[in-house]
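To be precise, the following lines are work02.pdb, and they hold PDB, C-alpha atoms.
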```
MODEL        1
ATOM      1  CA  MET A  15      80.191 -86.902 -31.058
ATOM      2  CA  ALA A  16      80.594 -89.458 -33.870
ATOM      3  CA  THR A  17      79.367 -88.744 -37.403
ATOM      4  CA  THR A  18      78.785 -91.755 -39.638
ATOM      5  CA  PRO A  19      78.260 -91.345 -43.411
ATOM      6  CA  LYS A  20      75.987 -94.097 -44.681
ATOM      7  CA  THR A  21      73.334 -95.365 -47.004
ATOM      8  CA  LEU A  22      70.198 -94.542 -45.061
ATOM      9  CA  ALA A  23      67.717 -96.395 -47.256
ATOM     10  CA  LEU A  24      67.439 -98.560 -50.370
ATOM     11  CA  VAL A  25      63.745 -99.336 -50.776
ATOM     12  CA  GLU A  26      61.468-100.651 -53.492
ATOM     13  CA  ILE A  27      58.031 -99.085 -53.071
ATOM     14  CA  THR A  28      55.463-101.875 -53.348
ATOM     15  CA  SER A  29      52.163-100.095 -52.643
ATOM     16  CA  THR A  30      50.371 -96.785 -52.922
ATOM     17  CA  ASP A  31      50.218 -96.514 -49.123
ATOM     18  CA  LEU A  32      52.241 -93.897 -47.268
ATOM     19  CA  THR A  33      55.460 -95.854 -46.674
ATOM     20  CA  THR A  34      58.247 -95.197 -44.174
ATOM     21  CA  VAL A  35      61.597 -95.440 -45.967
ATOM     22  CA  TYR A  36      63.883 -94.200 -43.175
ATOM     23  CA  THR A  37      63.641 -93.788 -39.401
ATOM     24  CA  ALA A  38      66.359 -91.892 -37.546
ATOM     25  CA  ALA A  39      67.668 -94.140 -34.797
ATOM     26  CA  SER A  40      67.356 -93.208 -31.158
ATOM     27  CA  GLY A  41      70.444 -91.276 -30.081
ATOM     28  CA  VAL A  42      71.228 -89.793 -33.503
ATOM     29  CA  ASN A  43      70.176 -86.889 -35.668
ATOM     30  CA  THR A  44      70.406 -87.324 -39.428
ATOM     31  CA  SER A  45      71.601 -85.026 -42.173
ATOM     32  CA  VAL A  46      70.327 -86.105 -45.604
ATOM     33  CA  SER A  47      72.695 -85.353 -48.487
ATOM     34  CA  VAL A  48      71.107 -87.167 -51.452
ATOM     35  CA  LEU A  49      67.624 -88.497 -52.229
ATOM     36  CA  SER A  50      67.307 -90.573 -55.384
ATOM     37  CA  PHE A  51      64.100 -91.803 -57.023
ATOM     38  CA  THR A  52      63.710 -94.054 -60.060
ATOM     39  CA  ASN A  53      60.386 -94.691 -61.791
ATOM     40  CA  VAL A  54      60.650 -98.362 -62.779
ATOM     41  CA  THR A  55      57.393 -98.398 -64.755
ATOM     42  CA  THR A  56      56.872 -97.393 -68.398
ATOM     43  CA  THR A  57      54.420 -94.561 -67.662
ATOM     44  CA  ASP A  58      54.555 -91.249 -65.779
ATOM     45  CA  GLN A  59      54.158 -91.706 -62.016
ATOM     46  CA  GLN A  60      53.943 -89.284 -59.101
ATOM     47  CA  ILE A  61      55.682 -89.568 -55.732
ATOM     48  CA  ASP A  62      55.164 -87.461 -52.605
ATOM     49  CA  ILE A  63      57.964 -87.075 -50.038
ATOM     50  CA  TYR A  64      57.180 -86.404 -46.368
ATOM     51  CA  ILE A  65      59.002 -85.903 -43.090
ATOM     52  CA  ASN A  66      57.219 -87.087 -39.952
ATOM     53  CA  ASN A  67      58.010 -85.720 -36.482
ATOM     54  CA  ALA A  68      56.348 -88.666 -34.694
ATOM     55  CA  ILE A  69      53.064 -86.719 -34.704
ATOM     56  CA  SER A  70      52.312 -85.443 -38.205
ATOM     57  CA  ASP A  71      53.374 -85.983 -41.812
ATOM     58  CA  PHE A  72      54.702 -82.828 -43.496
ATOM     59  CA  LEU A  73      54.789 -82.813 -47.299
ATOM     60  CA  GLN A  74      58.239 -81.747 -48.561
ATOM     61  CA  LYS A  75      57.962 -82.337 -52.310
ATOM     62  CA  THR A  76      55.667 -83.780 -54.971
ATOM     63  CA  MET A  77      57.158 -84.794 -58.292
ATOM     64  CA  THR A  78      56.200 -86.677 -61.414
ATOM     65  CA  LEU A  79      58.782 -88.788 -63.216
ATOM     66  CA  PRO A  80      58.420 -90.242 -66.713
ATOM     67  CA  GLY A  81      58.636 -94.023 -67.065
ATOM     68  CA  GLY A  82      62.151 -95.424 -66.728
ATOM     69  CA  ILE A  83      63.611 -92.137 -65.487
ATOM     70  CA  GLY A  84      65.586 -91.560 -62.303
ATOM     71  CA  LYS A  85      66.140 -88.293 -60.509
ATOM     72  CA  GLU A  86      68.693 -87.490 -57.854
ATOM     73  CA  ARG A  87      68.799 -84.348 -55.777
ATOM     74  CA  LEU A  88      71.089 -83.142 -53.058
ATOM     75  CA  TYR A  89      67.916 -82.579 -51.080
ATOM     76  CA  TYR A  90      64.163 -82.325 -51.596
ATOM     77  CA  GLY A  91      63.210 -79.792 -48.975
ATOM     78  CA  PHE A  92      65.782 -81.199 -46.529
ATOM     79  CA  GLN A  93      68.482 -78.553 -47.093
ATOM     80  CA  ARG A  94      69.895 -77.359 -43.760
ATOM     81  CA  LYS A  95      67.413 -79.534 -41.883
ATOM     82  CA  MET A  96      68.214 -82.172 -39.324
ATOM     83  CA  ILE A  97      66.002 -85.178 -38.994
ATOM     84  CA  ASN A  98      65.805 -85.639 -35.258
ATOM     85  CA  ALA A  99      66.082 -88.978 -33.512
ATOM     86  CA  THR A 100      63.001 -91.159 -34.212
ATOM     87  CA  TYR A 101      61.709 -88.849 -36.993
ATOM     88  CA  THR A 102      60.948 -90.558 -40.307
ATOM     89  CA  ILE A 103      61.054 -89.969 -44.046
ATOM     90  CA  LYS A 104      57.995 -91.317 -45.840
ATOM     91  CA  VAL A 105      56.928 -91.528 -49.470
ATOM     92  CA  GLN A 106      53.659 -92.197 -51.257
ATOM     93  CA  ALA A 107      53.650 -93.338 -54.884
ATOM     94  CA  SER A 108      50.797 -93.062 -57.368
ATOM     95  CA  ALA A 109      51.243 -96.715 -58.382
ATOM     96  CA  ALA A 110      52.437 -99.847 -56.589
ATOM     97  CA  THR A 111      55.934-101.021 -57.527
ATOM     98  CA  ALA A 112      56.569 -97.750 -59.344
ATOM     99  CA  PHE A 113      59.658 -96.436 -57.558
ATOM    100  CA  ASN A 114      63.005 -97.395 -56.147
ATOM    101  CA  VAL A 115      64.203 -94.991 -53.452
ATOM    102  CA  ALA A 116      67.772 -94.422 -52.225
ATOM    103  CA  ILE A 117      68.724 -92.035 -49.422
ATOM    104  CA  PHE A 118      72.279 -91.155 -48.429
ATOM    105  CA  GLY A 119      73.498 -88.987 -45.581
ATOM    106  CA  ARG A 120      75.116 -88.878 -42.161
ATOM    107  CA  GLU A 121      73.968 -89.990 -38.749
ATOM    108  CA  ILE A 122      75.280 -87.702 -36.021
ATOM    109  CA  GLU A 123      75.482 -89.061 -32.499
ATOM    110  CA  ILE A 124      73.669 -86.887 -29.958
ATOM    111  CA  ASP A 125      75.815 -85.805 -27.004
ATOM    112  CA  GLY A 126      75.230 -87.989 -23.999
ATOM    113  CA  SER A 127      73.950 -90.952 -26.039
TER     114      SER A 127
ENDMDL
END
```

In structure tokens, how does this file's structure come out?
Amino acid sequence: MATTPKTLALVEITSTDLTTVYTAASGVNTSVSVLSFTNVTTTDQQIDIYINNAISDFLQKTMTLPGGIGKERLYYGFQRKMINATYTIKVQASAATAFNVAIFGREIEIDGS
């Protein structure tokens, strides 16, 4: 069973729509180690972080960041959780082009894949 550390996502959020920033590939489960968010505007903005199990979006965290501030966490509700194959991480920002998102972790090959 191969484990591959990698950058899972580097995304500029360009709308206020719920946006998929990472999809676990078929045949792997994903362990997220770091989620990083930077508010690239000059005013306070809010971002919501979700995990989707291919059926429903589950809110993991809501946070507000001041303009020009970045925040990095080892996890935002993802501690000791595996993101199963084809599950997604989504975000929704309060303003278009407000956030840059970076996600780092490991993809773990599922036995028999």

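Between CA of Arg120 in chain A and CA of Val35 in chain A the interatomic distance comes to 15.5 Å.
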
Best match for closeness to Asn66 in chain A among A:Tyr36, A:Phe113, A:Phe51, A:Tyr101, counting only C-alpha atoms | A:Tyr101

With a distance cut-off of 7 Å and only C-alpha atoms, select the neighbouring residues of Ser29 in chain A, excluding the residue or stretch itself and same-chain residues fewer than 6 positions from it, and output the selection as a list of chain:residue names.
->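 In the requested format, the answer is A:Ala109, A:Ala110, A:Thr111.
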
Among the residues A:Ala112, A:Leu79, A:Thr33, A:Met96, the one that comes closest to Ser45 in chain A [using only C-alpha atoms] |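 Of A:Ala112, A:Leu79, A:Thr33, A:Met96, the one nearest Ser45 in chain A is A:Met96, counting only C-alpha atoms.
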
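The gap separating CA of Lys20 in chain A from CA of Ile61 in chain A is 23.6 Å, in Å to one decimal.
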
Which is closer to Ile103 in chain A than all the others in A:Ile83, A:Ile122, A:Val42, A:Ala23, using all atoms listed in the file?
->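 Smallest separation from Ile103 in chain A among the options: A:Ala23.
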
Contacts of Ser40 in chain A within 10 Å, all atoms listed in the file, excl. fewer than 4 positions in-chain, as a ChimeraX atom specification | /A:98-101,123-124,127

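Closest approach to Lys104 in chain A among A:Glu26, A:Ala39, A:Tyr64, A:Asp125: A:Tyr64, based on all atoms listed in the file.
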
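In this model, the gap between CA of Gln59 in chain A and CA of Val115 in chain A comes to 13.6 Å.
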
Could you expand the PyMOL selection byres ((chain A and resi 78) around 10) into the explicit residues it covers here, written as number ranges by chain?
-> A: 53, 58-62, 76-77, 79-81, 107-108

Residue contacts of Leu73 in chain A (7 Å, all atoms listed in the file) excluding same-chain residues fewer than 2 positions away, as a ChimeraX atom specification | /A:63-65,71,75

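Shortest atom-to-atom contact with Val105 in chain A among A:Val54, A:Val48, A:Ile69, A:Ile117: A:Ile117, counting all atoms listed in the file.
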
Counting only C-alpha atoms, the residue of A:Ala38, A:Ala68, A:Thr44, A:Asp31 that sits nearest Thr18 in chain A = A:Thr44

If you take every atom of range 59-78 of chain A that the file lists and fit an axis-aligned box around them with 6 Å extra on each side, what centre and edge lengths come out in Å to one decimal, as JSON?
```
{"center_x": 55.7, "center_y": -86.7, "center_z": -48.4, "size_x": 18.7, "size_y": 22.0, "size_z": 39.3}
```
